[in-house]
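> Take a look at final00.txt, compact mmCIF, C-alpha atoms and all ligand atoms:
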```txt
# COMPACT_ATOMS: atom_id res chain seq x y z
CA TRP A 1 99.43 158.75 -152.04
CA LEU A 2 101.44 158.56 -148.83
CA GLY A 3 104.96 159.87 -148.99
CA HIS A 4 104.04 162.40 -151.64
CA SER A 5 103.57 165.33 -149.29
CA GLU A 6 99.83 165.11 -149.85
CA VAL A 7 97.67 167.45 -147.93
CA VAL A 8 94.55 166.28 -146.15
CA ARG A 9 93.00 169.70 -146.26
CA SER A 10 94.79 173.00 -146.53
CA LEU A 11 94.93 174.79 -143.21
CA ALA A 12 94.97 178.15 -144.96
CA THR A 13 91.61 177.44 -146.62
CA SER A 14 89.85 175.19 -144.07
CA CYS A 15 91.26 176.38 -140.76
CA PRO A 16 92.48 180.03 -140.97
CA GLN A 17 90.36 181.01 -137.96
CA PHE A 18 92.83 179.32 -135.59
CA PHE A 19 95.75 181.53 -136.69
CA TYR A 20 96.16 185.24 -136.02
CA LYS A 21 95.24 187.01 -139.29
CA GLY A 22 95.06 183.58 -140.92
CA MET A 23 98.85 183.23 -141.14
CA VAL A 24 99.70 179.50 -141.14
CA PRO A 25 103.39 178.93 -140.26
CA LYS A 26 105.09 176.28 -142.37
CA THR A 27 108.49 177.62 -143.46
CA GLY A 28 111.25 176.18 -141.28
CA LEU A 29 108.84 173.70 -139.68
CA GLU A 30 107.49 171.44 -142.41
CA PRO A 31 108.83 167.88 -142.42
CA PRO A 32 109.36 165.95 -145.69
CA ASN A 33 105.99 164.16 -145.31
CA PRO A 34 103.56 166.67 -143.81
CA ALA A 35 99.80 166.50 -143.51
CA GLU A 36 97.66 169.50 -142.75
CA ILE A 37 94.80 168.48 -140.52
CA CYS A 38 91.91 170.81 -139.89
CA GLN A 39 90.72 168.90 -136.84
CA HIS A 40 87.01 168.25 -137.21
CA TYR A 41 84.69 166.84 -134.57
CA ASN A 42 80.96 166.98 -133.91
CA ASN A 43 80.11 169.03 -137.04
CA GLN A 44 82.69 171.69 -136.29
CA TYR A 45 86.32 172.53 -136.98
CA GLN A 46 88.02 172.50 -133.59
CA PHE A 47 91.71 173.35 -134.14
CA ALA A 48 94.54 172.92 -136.64
CA THR A 49 97.47 170.48 -136.72
CA LEU A 50 100.54 170.29 -138.92
CA TYR A 51 101.41 166.59 -138.75
CA ASP A 52 104.60 164.65 -139.51
CA THR A 53 103.33 161.39 -141.04
CA ALA A 54 106.79 159.75 -141.06
CA ARG A 55 107.53 160.39 -137.36
CA ARG A 56 103.83 160.08 -136.46
CA ILE A 57 103.83 163.14 -134.22
CA PRO A 58 102.44 166.64 -134.71
CA VAL A 59 104.81 169.46 -135.63
CA TYR A 60 102.31 171.71 -133.88
CA SER A 61 98.67 172.27 -133.06
CA ALA A 62 97.18 175.77 -133.32
CA TYR A 63 94.07 176.81 -131.44
CA ILE A 64 92.28 179.57 -129.57
CA TYR A 65 92.72 179.56 -125.79
CA GLU A 66 89.32 179.43 -124.08
CA PRO A 67 89.82 177.65 -120.76
CA GLY A 68 86.84 176.52 -118.77
CA ALA A 69 85.44 173.83 -116.58
CA ALA A 70 83.61 170.92 -118.18
CA LYS A 71 83.74 167.17 -117.94
CA ARG A 72 86.62 165.71 -119.89
CA SER A 73 86.41 162.34 -121.50
CA GLN A 74 88.83 159.51 -122.06
CA GLY A 75 89.21 157.31 -125.12
CA TRP A 76 91.41 158.18 -128.06
CA LEU A 77 90.57 159.21 -131.61
CA ILE A 78 92.40 159.00 -134.94
CA GLU A 79 92.28 160.83 -138.30
CA PRO A 80 90.44 158.83 -141.01
CA GLN A 81 91.70 161.00 -143.88
CA LEU A 82 95.31 160.02 -143.12
CA VAL A 83 94.26 156.48 -144.08
CA ASN A 84 92.36 157.54 -147.18
CA PRO A 85 91.52 161.12 -148.23
CA LYS A 86 88.05 159.86 -149.23
CA TYR A 87 87.18 158.88 -145.67
CA SER A 88 85.26 160.99 -143.17
CA LYS A 89 86.78 164.33 -142.25
CA SER A 90 85.82 163.86 -138.60
CA MET A 91 88.15 162.31 -136.05
CA GLU A 92 86.78 159.05 -134.61
CA THR A 93 87.80 155.92 -132.71
CA GLU A 94 89.89 153.22 -134.36
CA ASN A 95 87.02 150.77 -133.90
CA ASN A 96 84.48 153.02 -135.61
CA LEU A 97 86.69 153.33 -138.66
CA LEU A 98 87.58 149.61 -138.67
CA ASN A 99 83.88 148.70 -138.52
CA ARG A 100 82.93 151.01 -141.38
CA GLU A 101 85.78 150.55 -143.87
CA ASP A 102 87.46 147.43 -145.23
CA ILE A 103 90.83 148.06 -143.58
CA ASN A 104 92.92 146.77 -140.66
CA ILE A 105 94.77 148.47 -137.83
CA GLN A 106 98.05 148.42 -139.81
CA ASP A 107 96.36 150.52 -142.48
CA ILE A 108 95.34 153.04 -139.83
CA GLY A 109 98.85 153.08 -138.33
CA SER A 110 100.71 153.48 -141.62
CA SER A 111 100.86 157.25 -141.36
CA GLN A 112 99.73 158.06 -137.83
CA ALA A 113 100.14 156.80 -134.28
CA THR A 114 97.56 154.38 -132.90
CA THR A 115 96.42 153.66 -129.35
CA GLN A 116 98.68 150.60 -129.18
CA ASP A 117 101.81 152.72 -129.84
CA TYR A 118 101.33 154.44 -126.47
CA VAL A 119 100.76 151.30 -124.39
CA GLY A 120 103.35 150.28 -121.78
CA LEU A 121 105.50 153.41 -121.86
CA LYS A 122 108.09 153.99 -119.14
CA GLY A 123 108.81 157.58 -118.08
CA LEU A 124 106.76 158.88 -120.99
CA THR A 125 103.10 159.66 -121.35
CA ARG A 126 100.67 160.98 -123.96
CA GLY A 127 101.32 164.72 -124.00
CA HIS A 128 98.75 167.02 -125.59
CA MET A 129 99.90 169.85 -127.85
CA ASN A 130 96.46 171.47 -127.68
CA PRO A 131 95.41 170.60 -124.10
CA SER A 132 91.84 169.86 -123.10
CA GLY A 133 92.13 172.34 -120.21
CA HIS A 134 92.31 175.20 -122.71
CA HIS A 135 88.73 174.59 -123.84
CA SER A 136 85.44 175.29 -122.22
CA ASN A 137 83.00 172.56 -123.15
CA PHE A 138 82.83 168.78 -123.41
CA THR A 139 83.02 168.70 -127.21
CA SER A 140 85.99 171.02 -127.60
CA LYS A 141 87.82 169.17 -124.79
CA LYS A 142 87.04 165.78 -126.30
CA ALA A 143 88.45 166.86 -129.69
CA THR A 144 91.92 167.28 -128.12
CA PHE A 145 92.00 163.53 -127.37
CA THR A 146 93.05 162.70 -130.89
CA LEU A 147 96.41 161.00 -131.37
CA THR A 148 97.47 163.44 -134.11
CA ASN A 149 97.54 166.05 -131.29
CA ILE A 150 99.77 163.90 -129.06
CA VAL A 151 103.50 163.27 -128.57
CA PRO A 152 105.42 161.00 -126.18
CA GLN A 153 106.15 163.46 -123.37
CA ASN A 154 108.26 163.03 -120.25
CA ASP A 155 105.67 162.15 -117.61
CA LYS A 156 107.24 164.35 -114.90
CA LEU A 157 107.30 167.34 -117.26
CA ASN A 158 103.72 166.63 -118.38
CA SER A 159 102.32 166.67 -114.86
CA GLY A 160 104.87 169.17 -113.48
CA ALA A 161 106.34 172.26 -115.10
CA TRP A 162 104.46 171.90 -118.39
CA SER A 163 101.16 171.59 -116.58
CA ARG A 164 101.98 174.70 -114.52
CA TYR A 165 102.80 176.56 -117.73
CA GLU A 166 99.49 175.45 -119.29
CA VAL A 167 97.42 176.36 -116.25
CA SER A 168 99.09 179.23 -114.34
CA THR A 169 101.43 180.92 -116.82
CA MET A 170 98.81 180.97 -119.56
CA ALA A 171 96.16 182.38 -117.20
CA LYS A 172 98.51 185.12 -115.96
CA LYS A 173 99.87 186.11 -119.37
CA SER A 174 96.46 186.21 -121.04
CA LYS A 175 94.89 188.65 -118.55
CA GLY A 176 93.25 191.39 -120.59
CA CYS A 177 93.32 189.38 -123.82
CA THR A 178 90.15 189.25 -125.87
CA THR A 179 91.45 186.51 -128.20
CA THR A 180 94.55 184.43 -127.50
CA TYR A 181 96.00 182.46 -130.42
CA VAL A 182 98.25 179.58 -129.36
CA ILE A 183 100.65 177.38 -131.32
CA THR A 184 102.19 174.47 -129.41
CA GLY A 185 104.59 172.01 -130.95
CA ALA A 186 107.37 169.48 -130.57
CA VAL A 187 110.88 169.21 -132.02
CA PRO A 188 111.70 165.67 -133.25
CA GLY A 189 114.30 163.87 -131.15
CA ASN A 190 116.74 161.00 -131.66
CA THR A 191 114.74 158.35 -129.79
CA ASN A 192 111.39 156.76 -130.37
CA ILE A 193 108.72 154.43 -129.02
CA ALA A 194 106.71 151.54 -130.45
CA ASN A 195 109.69 149.93 -132.26
CA GLY A 196 110.59 153.13 -134.03
CA ARG A 197 107.07 153.95 -135.15
CA VAL A 198 106.64 157.14 -133.10
CA ASN A 199 109.35 159.76 -132.52
CA THR A 200 110.05 160.99 -128.99
CA PRO A 201 110.53 164.77 -129.25
CA SER A 202 113.64 166.47 -127.85
CA HIS A 203 111.72 169.64 -126.96
CA ILE A 204 108.14 170.78 -126.40
CA TRP A 205 107.37 174.45 -127.06
CA SER A 206 104.44 176.81 -126.93
CA SER A 207 103.83 180.33 -128.19
CA ALA A 208 100.95 182.76 -127.98
CA CYS A 209 99.88 186.02 -129.58
CA CYS A 210 96.96 187.78 -127.96
CA VAL A 211 94.79 190.69 -128.90
CA THR A 212 93.93 193.16 -126.13
CA LYS A 213 91.83 196.31 -126.45
CA SER A 214 94.91 198.42 -127.19
CA LYS A 215 97.72 196.18 -128.46
CA LEU A 216 99.11 192.77 -129.27
CA VAL A 217 101.02 190.78 -126.65
CA ALA A 218 103.12 187.67 -127.26
CA TRP A 219 104.97 185.16 -125.10
CA ALA A 220 106.52 181.69 -125.35
CA GLY A 221 107.98 178.76 -123.45
CA ILE A 222 110.13 175.77 -124.26
CA ALA A 223 111.06 172.60 -122.36
CA GLU A 224 113.58 169.85 -122.93
CA ASN A 225 111.64 166.60 -122.99
CA ASN A 226 113.91 164.95 -120.41
CA LYS A 227 113.70 167.64 -117.72
CA ASP A 228 110.88 168.96 -115.58
CA LYS A 229 111.48 172.59 -116.47
CA VAL A 230 109.95 175.20 -118.79
CA GLN A 231 112.03 178.16 -119.91
CA GLN A 232 109.91 181.26 -120.49
CA ILE A 233 111.22 183.32 -123.39
CA SER A 234 110.10 185.91 -125.91
CA LEU A 235 108.39 184.92 -129.15
CA GLY A 236 111.45 186.16 -131.06
CA ASP A 237 113.84 184.06 -128.99
CA LEU A 238 111.65 180.97 -129.43
CA GLU A 239 111.63 181.45 -133.20
CA LYS A 240 115.44 181.70 -133.20
CA MET A 241 115.75 178.57 -131.09
CA LEU A 242 113.34 176.64 -133.31
CA SER A 243 115.18 177.71 -136.46
CA ASN A 244 118.33 176.16 -134.97
CA LEU A 245 116.59 173.06 -133.61
CA TYR A 246 114.56 172.05 -136.68
CA THR A 247 117.29 173.14 -139.16
CA ARG A 248 114.65 173.44 -141.88
CA GLY A 249 115.04 177.20 -142.36
CA ARG A 250 113.95 180.33 -140.55
CA VAL A 251 110.85 179.88 -138.37
CA SER A 252 108.16 182.54 -138.04
CA LEU A 253 105.27 181.38 -135.88
CA PHE A 254 102.93 184.36 -136.01
CA HIS A 255 102.00 187.28 -138.23
CA SER A 256 104.66 190.02 -138.15
CA ASP A 257 102.35 192.27 -136.09
CA CYS A 258 102.86 190.05 -133.02
CA PRO A 259 105.71 191.52 -130.91
CA ARG A 260 108.91 189.48 -130.91
CA GLN A 261 110.47 190.94 -127.73
C1 LIG B 301 82.18 174.71 -127.44
O1 LIG B 301 83.09 175.79 -127.52
C2 LIG B 301 83.39 176.18 -128.85
C3 LIG B 301 84.47 177.23 -128.78
O2 LIG B 301 84.10 178.31 -127.97
C4 LIG B 301 82.12 176.68 -129.54
O3 LIG B 301 82.41 177.07 -130.86
C5 LIG B 301 81.11 175.55 -129.54
O4 LIG B 301 79.91 175.99 -130.11
C6 LIG B 301 80.87 175.04 -128.13
N1 LIG B 301 80.08 173.82 -128.23
C7 LIG B 301 79.05 173.56 -127.46
C8 LIG B 301 78.38 172.25 -127.69
O5 LIG B 301 78.65 174.35 -126.60
```
Would you mind writing the structure in this file as structure tokens?

Amino acid sequence: WLGHSEVVRSLATSCPQFFYKGMVPKTGLEPPNPAEICQHYNNQYQFATLYDTARRIPVYSAYIYEPGAAKRSQGWLIEPQLVNPKYSKSMETENNLLNREDINIQDIGSSQATTQDYVGLKGLTRGHMNPSGHHSNFTSKKATFTLTNIVPQNDKLNSGAWSRYEVSTMAKKSKGCTTTYVITGAVPGNTNIANGRVNTPSHIWSSACCVTKSKLVAWAGIAENNKDKVQQISLGDLEKMLSNLYTRGRVSLFHSDCPRQ
């Protein structure tokens, strides 16, 4: 079924709660071989990912920003239903899946990145789209350590300007927000890792639309994946940039109620 634009689960039906007013952005973003992953862990849907199964990176992950302190874990998870739609809907370790089903690691890696793909990188690291720091308990943090939520990210950017955007900018901008919807993604680049298996994005971007008591507020940021710098821009300007960068049509990330300027 791979290569036929099959859908694991529809985000609009399984995962609308992670998008403002349930609007799932796809136009202008969808790759030729997408998978919609309603990320499931520990008996709960945790966040949503639009995944590019050919480049083996997410287009974006969408989630609700609820930062908090809790222990974070290590160890990486994969998506069983990208191997076979009949498998478990919960993310799990490669070894768990290998022990339960009659498959090998190549089967797992055929349409997603595996742990091995990210071994021995130089100047790049595993960059979260949905970061663990934006969640408040062990389970919701742990669920972000799934490789369908990860791209090869410049290591200086990951620990530098992008980290400051995730921690400080997000905290500042979301003051007064009751619910903050976030969509963070990556634009495919011209280089790759793991012998061409996993694309190295040219840009990493993030956008938010938040609900306050009186109005909606939106903001965005974008970084080139070879510089330690995040450019803060309006939601409207990010959408224009992404339309030009993806060249798949006009991008609209959030419901039209979210302010563009
Ligand atoms: C963790 O946080 C999420 C999101 O707020 C919540 O839905 C979930 O119930 C929490 N889980 C635990 C184990 O406290």
> Please, which residues have at least one atom within 7 Å of an atom of ligand LIG 301 (chain B), using only C-alpha atoms and all ligand atoms, listed as a list in words?
Glu66, His135, Ser136, Asn137, Thr139 and Ser140 of chain A
> I want to know what sits within 10 Å of A:Thr125, based on all atoms listed in the file, with residues of the same chain fewer than 5 positions away left out; could you give that as a list in words?
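Once the nearby chain positions are removed, what remains is Tyr118, Val119, Gly120, Ile150, Val151, Pro152, Gln153, Asn154, Asp155, Lys156, Leu157, Asn158 and Ser159 of chain A.
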> Please produce, as JSON lines, a per-residue contact table for stretch 107-212 of chain A versus stretch 81-86 of chain A (criterion: any atom at most 10 Å away, all atoms listed in the file considered), showing the nearest atom pair and its distance in Å to one decimal, sorted by chain then residue number.

```
{"residue": "A:Asp107", "atom": "CA", "partner": "A:Val83", "partner_atom": "CA", "distance": 6.5}
{"residue": "A:Ile108", "atom": "CA", "partner": "A:Val83", "partner_atom": "CA", "distance": 5.6}
{"residue": "A:Gly109", "atom": "CA", "partner": "A:Val83", "partner_atom": "CA", "distance": 8.1}
{"residue": "A:Ser110", "atom": "CA", "partner": "A:Val83", "partner_atom": "CA", "distance": 7.5}
{"residue": "A:Ser111", "atom": "CA", "partner": "A:Leu82", "partner_atom": "CA", "distance": 6.4}
{"residue": "A:Gln112", "atom": "CA", "partner": "A:Leu82", "partner_atom": "CA", "distance": 7.2}
{"residue": "A:Thr148", "atom": "CA", "partner": "A:Leu82", "partner_atom": "CA", "distance": 9.9}
```
> Determine the nearest neighbour of A:Ser206 from the options A:Thr53, A:Thr169, A:Thr179, A:Asn192, counting all atoms listed in the file.
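Looking at the shortest contact to A:Ser206, the residue is A:Thr169.
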> Rank A:Ala48, A:Ala220, A:Ile193, A:Leu147 by their smallest atom-to-atom distance to A:Glu92, using only C-alpha atoms, and report the top residue only.
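Result for the nearest residue to A:Glu92: A:Leu147.
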> Please determine, counting only C-alpha atoms, which residue among A:Val167, A:Leu235, A:Met241, A:Ala35 has the shortest atom-to-atom distance to A:Ile57.
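Nearest candidate to A:Ile57 out of A:Val167, A:Leu235, A:Met241, A:Ala35: A:Ala35.
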> For a test of reading the model, state the distance in Å between atom CA of A:Val187 and atom CA of A:Asp228, rounded to one decimal.
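So the two atoms, atom CA of A:Val187 and atom CA of A:Asp228, lie 16.4 Å apart.
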> Can you tell me which residues surround A:Leu216 at a distance of at most 10 Å, considering all atoms listed in the file, apart from same-chain residues fewer than 5 positions away, and format the answer as a PyMOL selection string?
chain A and resi 177+179-180+209-211+257-259
> Taking the point (103.8, 170.8, -142.0) as given in the file, collect each protein or nucleic acid residue that comes within 9 Å of it, counting only C-alpha atoms, and present the set as a ChimeraX atom specification.
/A:25-27,29-36,49-52,58-60
> I need the residue nearest A:Gly185 from this list: A:Asn130, A:Gln231, A:Gln106, A:Thr146. Use only C-alpha atoms for the distance.
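So, comparing all the options, the nearest one is A:Asn130.
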> Please determine the residues with any atom at most 12 Å from (96.0, 182.8, -138.6) (coordinates as given in the file, with all atoms listed in the file counting) and report them as a PyMOL selection string.
chain A and resi 11-26+47-48+62-64+179-183+208-210+253-258
> Expressed in Å to a single decimal, how great is the separation between atom CA of A:Asn96 and atom CA of A:Phe145?
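Calculated distance between atom CA of A:Asn96 and atom CA of A:Phe145 is 15.3 Å.
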> With only C-alpha atoms as the counted atoms, please give the residues lying no more than 6 Å from A:Val251, apart from itself and same-chain residues fewer than 4 positions off, as a list of chain:residue names.
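Contacts, with the query itself left out: A:Gly28, A:Glu239, A:Ser243.
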> How far is it from atom CA of A:Ser132 to atom CA of A:Leu98, in Å with one decimal?
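One can read the atom CA of A:Ser132 to atom CA of A:Leu98 distance as 25.9 Å.
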> Which one is closest to A:Cys38: A:Met170, A:Leu242, A:Val230, A:Ala143? Count only C-alpha atoms.
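Closest to A:Cys38, using only C-alpha atoms: A:Ala143.
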> Could you give me, as a VMD selection string, the residues within 10 Å of A:Leu97, counting only C-alpha atoms and dropping anything in the same chain fewer than 4 positions from it?
chain A and resid 77 to 80 83 87 to 88 91 to 93 101 to 105 108
> Between A:Tyr45, A:Tyr65, A:Trp76, A:Tyr246, single out the one closest to A:Pro201, counting only C-alpha atoms.
A:Tyr246
